[in-house]
Amino acid sequence: MRPFTTVAVPHDDILKEKLTMDVFAADLWQVYKGSAPAEYQDPREFFRKTFLTKGMSYLIDVVRKRLEGRGGDSVIQLQTPFGGGKTHSLIALYHKAKTEFNAKVVVLSGTAFDPRDTFLWEEIERQLTGKVDILKGNISPGKEKLRKVLENHQPLLILMDEILAYTIKADGVKVGNTTLGDQTLCFIQELTETLSTLSNAVLVFTLPSSLLEHFDEKGEKRFQQLQKFVGRMEKVLTPIEDEEVAHVIRKRLFKYVDESLAEEIIQEFTDYAEREGFLKMDKVLYKQRFKASYPFQPEVIDVLYKRWGSFPTFQRTRGVLRLLALVVKSLKDSNLPFISLGDIDLSNEEIRRELIKHIGSEYDSVIAADITSSNSGAKKVDASLGLSYLSFRLGTKIATTIFMYSFSGGPEKGATLSEIKLSCARPEFQSSIIVEALEKLRNTLFYLSDSESIYLFTNKPNLNRILLIKMDGISEARLIEEEEHLLKQVFKKSEHFDIYICPKHTRDIPDSEKLKLIIMESNNPTMIKEFIETYGERPRVYRNTMIFLCPLEGEKSKILDMLRKKLAWEEIEKDKNLELTPDQKERVKENIKTLNEGIKERIKSVYRIVFLPNKDEPERIDLGAPTYIGKKEYTDEIYTRLKEEGKFLEKISPRLLKEKYLKIKDYVQTKNILDSFYKIPGELRIKNKEVLARAIKEGVRLGEFGLGYLEDGKIECRYYKTDVEPYFEETEVLIKEELCKEEKDEYKPEPIYDQPETPGKGAEKVKEPSSSHIVIIEPSTTLLKYRQLSLKLSISSGKLSDVVKTINFIKQKFSNVEIKIEISAKNGEILKTEYEDKIKEAFLQLGLKIEDEKLD
């Protein structure tokens, strides 16, 4: 669509930036004195820029007839709201009388005269005769003297503007026992009665209709008196009807409008609005109204003239003209096809001043915070909608539209969604984006009302602003405490890991065989390395059991922002001094619920960087965005992901053990294999030692290797191609299969039994084989069986491993085995710190409870 300036061409004073606001302040006295701006002084220029309304045309016609002696009213009152075109109508009559009616004109301006120097009756004679003789004095002259002066100067037009203002001032001048104000009222009555007797004379005067213009109670009294004195003979006319305002404005601001081009633009827009479903009135009627107001959308004039014009301080037609002249001036270089409410530039100082003076200076900060400043909510929404919408500035445009709809001198305030779409939507995009932008504004602006039914700006902070204040009050300490509490909720205890949340010291993480998932506050490689290498004051032993989970770089702040916001909403909910509306209370609850759910899911999205101990630097793994939201615990998912990556093994192939440990060695200690999994960074990680035990059992059964013991530097293969239970003792070893084969082939022991002495009651006696034999015992079906054992042993330190073997055998036979150890140590000494760090801490990490403790 074409830019509006190529369709509706503004007057030169707007295009050349020579526009001054005083040209819209019509002053009849300045016209009479010959010192008014050309727009008012020059009759041709005046009528070129003036739309003759029905009321004005009728007024001119009535006055013409009276001056020509063809009857009609001798007294005519013009009464409109402030700025409603009264003075403009008087100037039109002045020029017509001077150029067309061949009549004498007397101009009386109540705001121009000082009652101490100028009396109205003297001024009439001075303007008609050049001197004051018959009507001289400060006492109203009476009808006879008035008639003597007036009848000889017909046809006569008396224009009396702002007479109430003069009367009120005249009350301050004493005249005998009365005031000049009283004398003026008498004069008005005498004048109107005199004019009724003259056939070619007419008085046109103005009175305000706004109570604010009556000044005070005394002014109101004078107003009522003037109405009473002239009421019997006056004819009250309204120069401008509401539906004519658009024509008046367009005529004054634009040289001409190409109606055919304008119609093309209007047709395209109304077709679009109808298609999108936000044109809530008859399409034909709307097009007619748009044609009358183009290049302004009808809503621009409606809102300014009816809503803003209802403020007592707003000069109705004149005020709208002043404001829209500034708007046209600010947009003269734009590509806009027409001007909507959203196109009013509130960052323009002149435009903003024209509005602010009617609603209060506090709205300066409201406009800046929400609409015009570079970091305002509206500007943030502009950017958030994406590049394809950036040029339309939808956030700013929608916020400006709402602002313009938000004020009036009456009850009608605020905008509906359809009204906003009408002012902001364009054929270049679907109007549904307006709804998205509105929702963003509702969550961003500080002074947009929280009402769900209508969009409205106020000078009171909304929940967004209250939220910001509450967020500022959340301390860092409280935020950290809440974060740790939240992490504990997300990272619950797992069957796979022990969980440690935000440890501060290396001693906070036990040095044990158990797999540990450590949730770090940040991605800190130095701290991670310190945790891997040390446990308190000593080197860490079980280094390969640690899994570090860190937040994605740069994303942690988003979680903290959400958390701070959640805490702030909770503060708002508890604050009874806020006096929230039901809608606001509901919104607070909904926000708390949404954030509680959203933060937990955000944590899963952000805490996704895993560091695993390795030979040199820790290995970094990005788990990626979660795909399991709401399905299972995050700790279980982390384990599953790492297992899929091959970082955890739940099963080990016997062949792997054979290739890894027995390829170049004849034997390897099972305990050393297990320890390597736990202690050496970067080694295989197993879920638990049962994984290794199963691999050994399967390998022995299949003959991949044998299991035996290392005694006095010699290996003994005791189990090969049979079932076995490894115990991971110091002397227990995996043995190369070739050695076990050789031993089995060389020795073929047979079981030797003695017959029991008493049948059914005796026990078999087994002959002891030589130390190189593999012993196989086959029990008799008649052997005695014990169902319960209770033993108390005295064990020398060197035999402890043998006892462990026996205990493991017992555990195979009985499901409930309880073992208690009694330690008595004498003839030596140990430091208290050594006892605490090396003995008690070791028992603690093994899960052992000290039932009785005697120290000396």
# chains A, B, ... in the order shown; residues from 1 in each chain; ligands from 1

$ residues_around --residues "Cys186 of chain A" --least-positions-apart "4" --cutoff "10 Å" --atoms "only C-alpha atoms" --output "VMD selection string"
chain A and resid 139 to 142 180 to 182 190 to 191 226 229

$ write_last_selection --atoms "N, CA, C and O atoms" --output "PDB file, in the first residue's frame"
ATOM      1  N   ILE A 139     -21.578  53.436  34.009  1.00  0.00           N
ATOM      2  CA  ILE A 139     -22.923  52.949  34.260  1.00  0.00           C
ATOM      3  C   ILE A 139     -23.539  52.531  32.930  1.00  0.00           C
ATOM      4  O   ILE A 139     -23.391  53.219  31.918  1.00  0.00           O
ATOM      5  N   SER A 140     -24.207  51.354  32.911  1.00  0.00           N
ATOM      6  CA  SER A 140     -24.840  50.905  31.676  1.00  0.00           C
ATOM      7  C   SER A 140     -25.740  52.015  31.119  1.00  0.00           C
ATOM      8  O   SER A 140     -26.565  52.583  31.848  1.00  0.00           O
ATOM      9  N   PRO A 141     -25.616  52.357  29.827  1.00  0.00           N
ATOM     10  CA  PRO A 141     -26.262  53.566  29.279  1.00  0.00           C
ATOM     11  C   PRO A 141     -27.779  53.466  29.097  1.00  0.00           C
ATOM     12  O   PRO A 141     -28.454  54.498  28.929  1.00  0.00           O
ATOM     13  N   GLY A 142     -28.358  52.336  29.059  1.00  0.00           N
ATOM     14  CA  GLY A 142     -29.794  52.205  28.831  1.00  0.00           C
ATOM     15  C   GLY A 142     -30.110  51.994  27.353  1.00  0.00           C
ATOM     16  O   GLY A 142     -29.318  52.288  26.458  1.00  0.00           O
ATOM     17  N   LEU A 180     -18.908  46.655  38.478  1.00  0.00           N
ATOM     18  CA  LEU A 180     -18.975  46.736  37.019  1.00  0.00           C
ATOM     19  C   LEU A 180     -19.554  45.447  36.452  1.00  0.00           C
ATOM     20  O   LEU A 180     -20.170  45.453  35.375  1.00  0.00           O
ATOM     21  N   GLY A 181     -19.398  44.337  37.174  1.00  0.00           N
ATOM     22  CA  GLY A 181     -20.000  43.080  36.741  1.00  0.00           C
ATOM     23  C   GLY A 181     -21.510  43.191  36.710  1.00  0.00           C
ATOM     24  O   GLY A 181     -22.162  42.710  35.764  1.00  0.00           O
ATOM     25  N   ASP A 182     -22.088  43.823  37.755  1.00  0.00           N
ATOM     26  CA  ASP A 182     -23.542  44.023  37.771  1.00  0.00           C
ATOM     27  C   ASP A 182     -23.962  44.918  36.616  1.00  0.00           C
ATOM     28  O   ASP A 182     -24.982  44.668  35.958  1.00  0.00           O
ATOM     29  N   GLU A 190     -29.974  45.081  28.246  1.00  0.00           N
ATOM     30  CA  GLU A 190     -30.395  46.251  27.454  1.00  0.00           C
ATOM     31  C   GLU A 190     -30.020  46.072  25.984  1.00  0.00           C
ATOM     32  O   GLU A 190     -30.791  46.425  25.086  1.00  0.00           O
ATOM     33  N   LEU A 191     -28.843  45.531  25.746  1.00  0.00           N
ATOM     34  CA  LEU A 191     -28.384  45.362  24.373  1.00  0.00           C
ATOM     35  C   LEU A 191     -29.272  44.372  23.624  1.00  0.00           C
ATOM     36  O   LEU A 191     -29.681  44.634  22.470  1.00  0.00           O
ATOM     37  N   LEU A 226     -26.384  35.355  32.988  1.00  0.00           N
ATOM     38  CA  LEU A 226     -26.287  35.688  31.564  1.00  0.00           C
ATOM     39  C   LEU A 226     -27.285  34.876  30.758  1.00  0.00           C
ATOM     40  O   LEU A 226     -27.952  35.402  29.844  1.00  0.00           O
ATOM     41  N   PHE A 229     -30.760  36.421  31.257  1.00  0.00           N
ATOM     42  CA  PHE A 229     -31.011  37.712  30.627  1.00  0.00           C
ATOM     43  C   PHE A 229     -31.204  37.611  29.124  1.00  0.00           C
ATOM     44  O   PHE A 229     -31.984  38.362  28.531  1.00  0.00           O
TER      45      PHE A 229
END

$ closest_residue --among "A:Val700, A:Lys329, A:Leu692, A:Leu67" --to "Asp345 of chain A" --atoms "only C-alpha atoms"
A:Lys329

$ residues_around --residues "Tyr661 of chain A" --least-positions-apart "4" --cutoff "10 Å" --atoms "only C-alpha atoms" --output "ChimeraX atom specification"
/A:655-657,665-669,673,734-736

$ write_last_selection --atoms "N, CA, C and O atoms" --output "mmCIF file, in the first residue's frame"
data_model
loop_
_atom_site.group_PDB
_atom_site.id
_atom_site.type_symbol
_atom_site.label_atom_id
_atom_site.label_comp_id
_atom_site.auth_asym_id
_atom_site.auth_seq_id
_atom_site.Cartn_x
_atom_site.Cartn_y
_atom_site.Cartn_z
ATOM 1 N N ARG A 655 35.683 -63.539 28.250
ATOM 2 C CA ARG A 655 36.745 -63.394 27.247
ATOM 3 C C ARG A 655 37.495 -62.074 27.437
ATOM 4 O O ARG A 655 38.700 -61.999 27.225
ATOM 5 N N LEU A 656 36.744 -61.010 27.849
ATOM 6 C CA LEU A 656 37.374 -59.711 28.099
ATOM 7 C C LEU A 656 38.368 -59.816 29.254
ATOM 8 O O LEU A 656 39.493 -59.299 29.169
ATOM 9 N N LEU A 657 37.967 -60.494 30.324
ATOM 10 C CA LEU A 657 38.879 -60.664 31.452
ATOM 11 C C LEU A 657 40.115 -61.451 31.023
ATOM 12 O O LEU A 657 41.249 -61.129 31.413
ATOM 13 N N LYS A 665 50.026 -62.902 31.359
ATOM 14 C CA LYS A 665 50.303 -63.317 32.728
ATOM 15 C C LYS A 665 49.699 -64.685 32.983
ATOM 16 O O LYS A 665 48.704 -65.062 32.382
ATOM 17 N N ASP A 666 50.317 -65.404 33.899
ATOM 18 C CA ASP A 666 49.774 -66.714 34.249
ATOM 19 C C ASP A 666 48.607 -66.598 35.210
ATOM 20 O O ASP A 666 47.714 -67.449 35.232
ATOM 21 N N TYR A 667 48.624 -65.588 36.016
ATOM 22 C CA TYR A 667 47.535 -65.421 36.976
ATOM 23 C C TYR A 667 47.399 -63.942 37.342
ATOM 24 O O TYR A 667 48.320 -63.145 37.102
ATOM 25 N N VAL A 668 46.255 -63.585 37.917
ATOM 26 C CA VAL A 668 46.008 -62.225 38.406
ATOM 27 C C VAL A 668 45.084 -62.322 39.603
ATOM 28 O O VAL A 668 44.172 -63.154 39.641
ATOM 29 N N GLN A 669 45.339 -61.507 40.608
ATOM 30 C CA GLN A 669 44.506 -61.517 41.808
ATOM 31 C C GLN A 669 43.126 -60.912 41.516
ATOM 32 O O GLN A 669 43.026 -59.837 40.915
ATOM 33 N N ILE A 673 41.845 -56.961 40.308
ATOM 34 C CA ILE A 673 40.944 -56.607 39.194
ATOM 35 C C ILE A 673 39.824 -55.713 39.711
ATOM 36 O O ILE A 673 39.524 -54.666 39.138
ATOM 37 N N LEU A 734 42.766 -65.457 39.433
ATOM 38 C CA LEU A 734 42.352 -66.072 38.170
ATOM 39 C C LEU A 734 43.604 -66.669 37.557
ATOM 40 O O LEU A 734 44.671 -66.039 37.541
ATOM 41 N N ILE A 735 43.448 -67.869 37.018
ATOM 42 C CA ILE A 735 44.617 -68.594 36.513
ATOM 43 C C ILE A 735 44.413 -68.922 35.040
ATOM 44 O O ILE A 735 43.310 -69.278 34.608
ATOM 45 N N LYS A 736 45.453 -68.795 34.292
ATOM 46 C CA LYS A 736 45.430 -69.067 32.864
ATOM 47 C C LYS A 736 44.896 -70.484 32.630
ATOM 48 O O LYS A 736 45.259 -71.423 33.352
#

$ closest_atom_pairs --of "segment 114-134 of chain A" --to "segment 171-179 of chain A" --cutoff "12 Å" --atoms "only C-alpha atoms" --output "tab-separated table"
residue	atom	partner	partner_atom	distance
A:Asp114	CA	A:Val173	CA	10.3
A:Pro115	CA	A:Val173	CA	7.4
A:Arg116	CA	A:Val173	CA	6.7
A:Asp117	CA	A:Val173	CA	10.4
A:Thr118	CA	A:Val173	CA	11.4
A:Phe119	CA	A:Val173	CA	11.1

$ write_last_selection --atoms "N, CA and C atoms" --output "CSV table (one decimal), in the first residue's frame"
chain,number,residue,atom,x,y,z
A,114,ASP,N,-9.4,44.9,29.8
A,114,ASP,CA,-9.3,45.1,31.2
A,114,ASP,C,-10.4,46.0,31.6
A,115,PRO,N,-11.4,45.4,32.5
A,115,PRO,CA,-12.6,46.2,32.8
A,115,PRO,C,-12.3,47.5,33.5
A,116,ARG,N,-11.1,47.7,34.0
A,116,ARG,CA,-10.8,49.0,34.6
A,116,ARG,C,-10.6,50.1,33.6
A,117,ASP,N,-10.3,49.6,32.3
A,117,ASP,CA,-10.0,50.6,31.3
A,117,ASP,C,-11.0,50.6,30.2
A,118,THR,N,-11.7,49.5,30.0
A,118,THR,CA,-12.6,49.3,28.9
A,118,THR,C,-14.0,48.8,29.4
A,119,PHE,N,-15.0,49.7,29.0
A,119,PHE,CA,-16.4,49.3,29.3
A,119,PHE,C,-17.0,48.8,27.9

$ select_by_dssp --residues "segment 537-612 of chain A" --states "helix (DSSP H, G or I)" --output "compact mmCIF listing (two decimals) with N, CA and C atoms, in the first residue's frame"
# COMPACT_ATOMS: atom_id res chain seq x y z
N ARG A 543 38.89 -43.53 43.15
CA ARG A 543 38.70 -42.37 42.27
C ARG A 543 37.75 -42.65 41.11
N ASN A 544 37.70 -43.91 40.68
CA ASN A 544 36.92 -44.22 39.48
C ASN A 544 35.43 -44.41 39.78
N THR A 545 35.05 -44.18 41.00
CA THR A 545 33.63 -44.37 41.39
C THR A 545 32.86 -43.05 41.37
N LYS A 556 23.03 -21.87 33.77
CA LYS A 556 22.67 -21.93 35.19
C LYS A 556 21.87 -20.68 35.60
N SER A 557 22.22 -19.53 35.04
CA SER A 557 21.55 -18.28 35.43
C SER A 557 20.06 -18.33 35.14
N LYS A 558 19.66 -19.07 34.10
CA LYS A 558 18.24 -19.16 33.76
C LYS A 558 17.46 -19.89 34.86
N ILE A 559 18.10 -20.91 35.42
CA ILE A 559 17.45 -21.63 36.53
C ILE A 559 17.32 -20.71 37.73
N LEU A 560 18.40 -19.97 38.03
CA LEU A 560 18.36 -19.07 39.18
C LEU A 560 17.31 -17.98 38.99
N ASP A 561 17.16 -17.48 37.76
CA ASP A 561 16.13 -16.47 37.49
C ASP A 561 14.74 -17.04 37.74
N MET A 562 14.51 -18.25 37.25
CA MET A 562 13.21 -18.89 37.46
C MET A 562 12.96 -19.13 38.95
N LEU A 563 14.01 -19.53 39.65
CA LEU A 563 13.88 -19.82 41.07
C LEU A 563 13.61 -18.53 41.86
N ARG A 564 14.32 -17.46 41.50
CA ARG A 564 14.09 -16.17 42.16
C ARG A 564 12.66 -15.70 41.91
N LYS A 565 12.18 -15.92 40.70
CA LYS A 565 10.82 -15.51 40.36
C LYS A 565 9.80 -16.33 41.15
N LYS A 566 10.05 -17.62 41.28
CA LYS A 566 9.12 -18.47 42.05
C LYS A 566 9.04 -18.01 43.51
N LEU A 567 10.20 -17.73 44.10
CA LEU A 567 10.22 -17.26 45.49
C LEU A 567 9.49 -15.93 45.63
N ALA A 568 9.65 -15.06 44.61
CA ALA A 568 8.97 -13.75 44.65
C ALA A 568 7.46 -13.91 44.56
N TRP A 569 7.00 -14.82 43.68
CA TRP A 569 5.55 -15.07 43.60
C TRP A 569 5.02 -15.58 44.92
N GLU A 570 5.78 -16.44 45.57
CA GLU A 570 5.36 -16.96 46.87
C GLU A 570 5.29 -15.85 47.91
N GLU A 571 6.24 -14.88 47.82
CA GLU A 571 6.20 -13.72 48.72
C GLU A 571 4.94 -12.89 48.47
N ILE A 572 4.60 -12.72 47.21
CA ILE A 572 3.40 -11.96 46.86
C ILE A 572 2.16 -12.65 47.42
N GLU A 573 2.12 -13.97 47.28
CA GLU A 573 0.96 -14.73 47.77
C GLU A 573 0.79 -14.57 49.28
N LYS A 574 1.91 -14.46 50.00
CA LYS A 574 1.84 -14.35 51.46
C LYS A 574 1.58 -12.92 51.94
N LYS A 576 -0.22 -9.95 52.74
CA LYS A 576 -1.62 -9.56 52.92
C LYS A 576 -1.85 -8.07 52.70
N ASN A 577 -0.78 -7.28 52.67
CA ASN A 577 -0.93 -5.83 52.48
C ASN A 577 -1.18 -5.44 51.03
N LEU A 578 -1.02 -6.40 50.11
CA LEU A 578 -1.16 -6.06 48.69
C LEU A 578 -2.61 -5.91 48.25
N PRO A 582 -9.32 -10.94 43.02
CA PRO A 582 -9.43 -12.39 42.78
C PRO A 582 -8.68 -12.84 41.54
N ASP A 583 -8.76 -12.04 40.45
CA ASP A 583 -8.03 -12.38 39.23
C ASP A 583 -6.52 -12.44 39.49
N GLN A 584 -6.03 -11.48 40.25
CA GLN A 584 -4.60 -11.43 40.53
C GLN A 584 -4.17 -12.61 41.41
N LYS A 585 -4.99 -12.95 42.39
CA LYS A 585 -4.67 -14.09 43.27
C LYS A 585 -4.59 -15.38 42.46
N GLU A 586 -5.52 -15.52 41.53
CA GLU A 586 -5.53 -16.71 40.69
C GLU A 586 -4.28 -16.76 39.81
N ARG A 587 -3.90 -15.61 39.29
CA ARG A 587 -2.71 -15.53 38.44
C ARG A 587 -1.46 -15.87 39.25
N VAL A 588 -1.39 -15.41 40.49
CA VAL A 588 -0.23 -15.71 41.35
C VAL A 588 -0.13 -17.21 41.57
N LYS A 589 -1.24 -17.86 41.90
CA LYS A 589 -1.23 -19.31 42.13
C LYS A 589 -0.80 -20.07 40.88
N GLU A 590 -1.33 -19.64 39.75
CA GLU A 590 -1.00 -20.31 38.48
C GLU A 590 0.48 -20.16 38.16
N ASN A 591 1.04 -18.99 38.43
CA ASN A 591 2.46 -18.76 38.15
C ASN A 591 3.34 -19.62 39.05
N ILE A 592 2.96 -19.75 40.32
CA ILE A 592 3.73 -20.58 41.24
C ILE A 592 3.72 -22.02 40.77
N LYS A 593 2.53 -22.50 40.40
CA LYS A 593 2.41 -23.89 39.92
C LYS A 593 3.24 -24.11 38.66
N THR A 594 3.12 -23.20 37.70
CA THR A 594 3.84 -23.32 36.44
C THR A 594 5.35 -23.32 36.66
N LEU A 595 5.83 -22.43 37.54
CA LEU A 595 7.26 -22.34 37.79
C LEU A 595 7.78 -23.56 38.53
N ASN A 596 7.00 -24.07 39.47
CA ASN A 596 7.42 -25.27 40.20
C ASN A 596 7.66 -26.43 39.24
N GLU A 597 6.76 -26.57 38.27
CA GLU A 597 6.91 -27.64 37.29
C GLU A 597 8.03 -27.31 36.30
N GLY A 598 8.06 -26.06 35.88
CA GLY A 598 9.02 -25.67 34.85
C GLY A 598 10.46 -25.70 35.33
N ILE A 599 10.69 -25.34 36.60
CA ILE A 599 12.07 -25.31 37.10
C ILE A 599 12.66 -26.71 37.12
N LYS A 600 11.87 -27.67 37.55
CA LYS A 600 12.37 -29.05 37.63
C LYS A 600 12.75 -29.57 36.24
N GLU A 601 11.91 -29.26 35.27
CA GLU A 601 12.23 -29.69 33.90
C GLU A 601 13.42 -28.92 33.34
N ARG A 602 13.53 -27.65 33.73
CA ARG A 602 14.67 -26.85 33.28
C ARG A 602 15.97 -27.40 33.85
N ILE A 603 15.93 -27.84 35.12
CA ILE A 603 17.12 -28.42 35.73
C ILE A 603 17.58 -29.63 34.92
N LYS A 604 16.63 -30.45 34.49
CA LYS A 604 16.98 -31.63 33.71
C LYS A 604 17.57 -31.25 32.35
N SER A 605 17.15 -30.10 31.83
CA SER A 605 17.69 -29.65 30.54
C SER A 605 19.06 -29.03 30.69
N VAL A 606 19.32 -28.42 31.85
CA VAL A 606 20.58 -27.69 32.05
C VAL A 606 21.65 -28.57 32.66

$ select_by_dssp --residues "segment 378-608 of chain A" --states "strand (DSSP E)" --output "list in words"
Asp498, Ile499, Tyr500, Ile501, Lys516, Leu517, Ile518, Ile519, Thr534, Tyr535, Arg538, Pro539, Met546, Ile547, Phe548, Leu549, Cys550, Pro551, Tyr607 and Arg608 of chain A

$ atom_distance --atom1 "atom CA of Tyr634 of chain A" --atom2 "atom CA of Glu555 of chain A"
18.1 Å

$ residues_around --residues "segment 391-393 of chain A" --least-positions-apart "5" --cutoff "12 Å" --atoms "only C-alpha atoms" --output "PyMOL selection string"
chain A and resi 335-336+342-343+345+371-372+378-386+398-400+424-429+433-434+437

$ residues_around --residues "Glu100 of chain A" --least-positions-apart "3" --cutoff "12 Å" --atoms "only C-alpha atoms" --output "list in words"
Pro43, Ile60, Asp61, Val63, Arg64, Leu67, Glu68, Ala92, Leu93, Tyr94, His95, Lys96, Ala97, Ala103 and Lys104 of chain A

$ write_last_selection --atoms "N, CA, C and O atoms" --output "mmCIF file, in the first residue's frame"
data_model
loop_
_atom_site.group_PDB
_atom_site.id
_atom_site.type_symbol
_atom_site.label_atom_id
_atom_site.label_comp_id
_atom_site.auth_asym_id
_atom_site.auth_seq_id
_atom_site.Cartn_x
_atom_site.Cartn_y
_atom_site.Cartn_z
ATOM 1 N N PRO A 43 -8.806 35.938 4.697
ATOM 2 C CA PRO A 43 -10.079 35.235 4.469
ATOM 3 C C PRO A 43 -9.951 34.044 3.523
ATOM 4 O O PRO A 43 -10.550 32.982 3.765
ATOM 5 N N ILE A 60 -24.007 31.045 9.312
ATOM 6 C CA ILE A 60 -23.709 32.098 8.329
ATOM 7 C C ILE A 60 -24.978 32.505 7.585
ATOM 8 O O ILE A 60 -25.243 33.705 7.358
ATOM 9 N N ASP A 61 -25.789 31.522 7.256
ATOM 10 C CA ASP A 61 -27.027 31.801 6.524
ATOM 11 C C ASP A 61 -28.009 32.605 7.374
ATOM 12 O O ASP A 61 -28.644 33.566 6.894
ATOM 13 N N VAL A 63 -27.316 34.595 9.929
ATOM 14 C CA VAL A 63 -26.791 35.952 10.130
ATOM 15 C C VAL A 63 -26.963 36.784 8.858
ATOM 16 O O VAL A 63 -27.339 37.974 8.895
ATOM 17 N N ARG A 64 -26.698 36.180 7.692
ATOM 18 C CA ARG A 64 -26.856 36.906 6.434
ATOM 19 C C ARG A 64 -28.294 37.420 6.282
ATOM 20 O O ARG A 64 -28.528 38.587 5.950
ATOM 21 N N LEU A 67 -28.957 40.339 8.612
ATOM 22 C CA LEU A 67 -28.304 41.582 8.188
ATOM 23 C C LEU A 67 -28.962 42.178 6.945
ATOM 24 O O LEU A 67 -28.927 43.397 6.717
ATOM 25 N N GLU A 68 -29.569 41.329 6.152
ATOM 26 C CA GLU A 68 -30.265 41.820 4.952
ATOM 27 C C GLU A 68 -31.696 42.247 5.253
ATOM 28 O O GLU A 68 -32.439 42.626 4.349
ATOM 29 N N ALA A 92 -15.273 33.140 11.181
ATOM 30 C CA ALA A 92 -15.908 32.914 9.875
ATOM 31 C C ALA A 92 -16.955 33.994 9.609
ATOM 32 O O ALA A 92 -17.035 34.542 8.489
ATOM 33 N N LEU A 93 -17.762 34.325 10.608
ATOM 34 C CA LEU A 93 -18.768 35.394 10.454
ATOM 35 C C LEU A 93 -18.095 36.746 10.214
ATOM 36 O O LEU A 93 -18.574 37.550 9.401
ATOM 37 N N TYR A 94 -17.013 36.997 10.905
ATOM 38 C CA TYR A 94 -16.296 38.263 10.744
ATOM 39 C C TYR A 94 -15.859 38.443 9.291
ATOM 40 O O TYR A 94 -16.081 39.504 8.676
ATOM 41 N N HIS A 95 -15.215 37.402 8.726
ATOM 42 C CA HIS A 95 -14.737 37.508 7.347
ATOM 43 C C HIS A 95 -15.899 37.602 6.359
ATOM 44 O O HIS A 95 -15.830 38.377 5.375
ATOM 45 N N LYS A 96 -16.963 36.875 6.586
ATOM 46 C CA LYS A 96 -18.120 36.932 5.690
ATOM 47 C C LYS A 96 -18.761 38.324 5.719
ATOM 48 O O LYS A 96 -19.139 38.874 4.672
ATOM 49 N N ALA A 97 -18.898 38.871 6.927
ATOM 50 C CA ALA A 97 -19.526 40.195 7.055
ATOM 51 C C ALA A 97 -18.686 41.260 6.363
ATOM 52 O O ALA A 97 -19.230 42.185 5.728
ATOM 53 N N ALA A 103 -21.405 44.607 5.868
ATOM 54 C CA ALA A 103 -21.928 45.034 7.173
ATOM 55 C C ALA A 103 -20.792 45.531 8.048
ATOM 56 O O ALA A 103 -19.628 45.212 7.838
ATOM 57 N N LYS A 104 -21.170 46.387 8.995
ATOM 58 C CA LYS A 104 -20.206 46.821 10.001
ATOM 59 C C LYS A 104 -20.109 45.732 11.074
ATOM 60 O O LYS A 104 -21.098 45.095 11.409
#
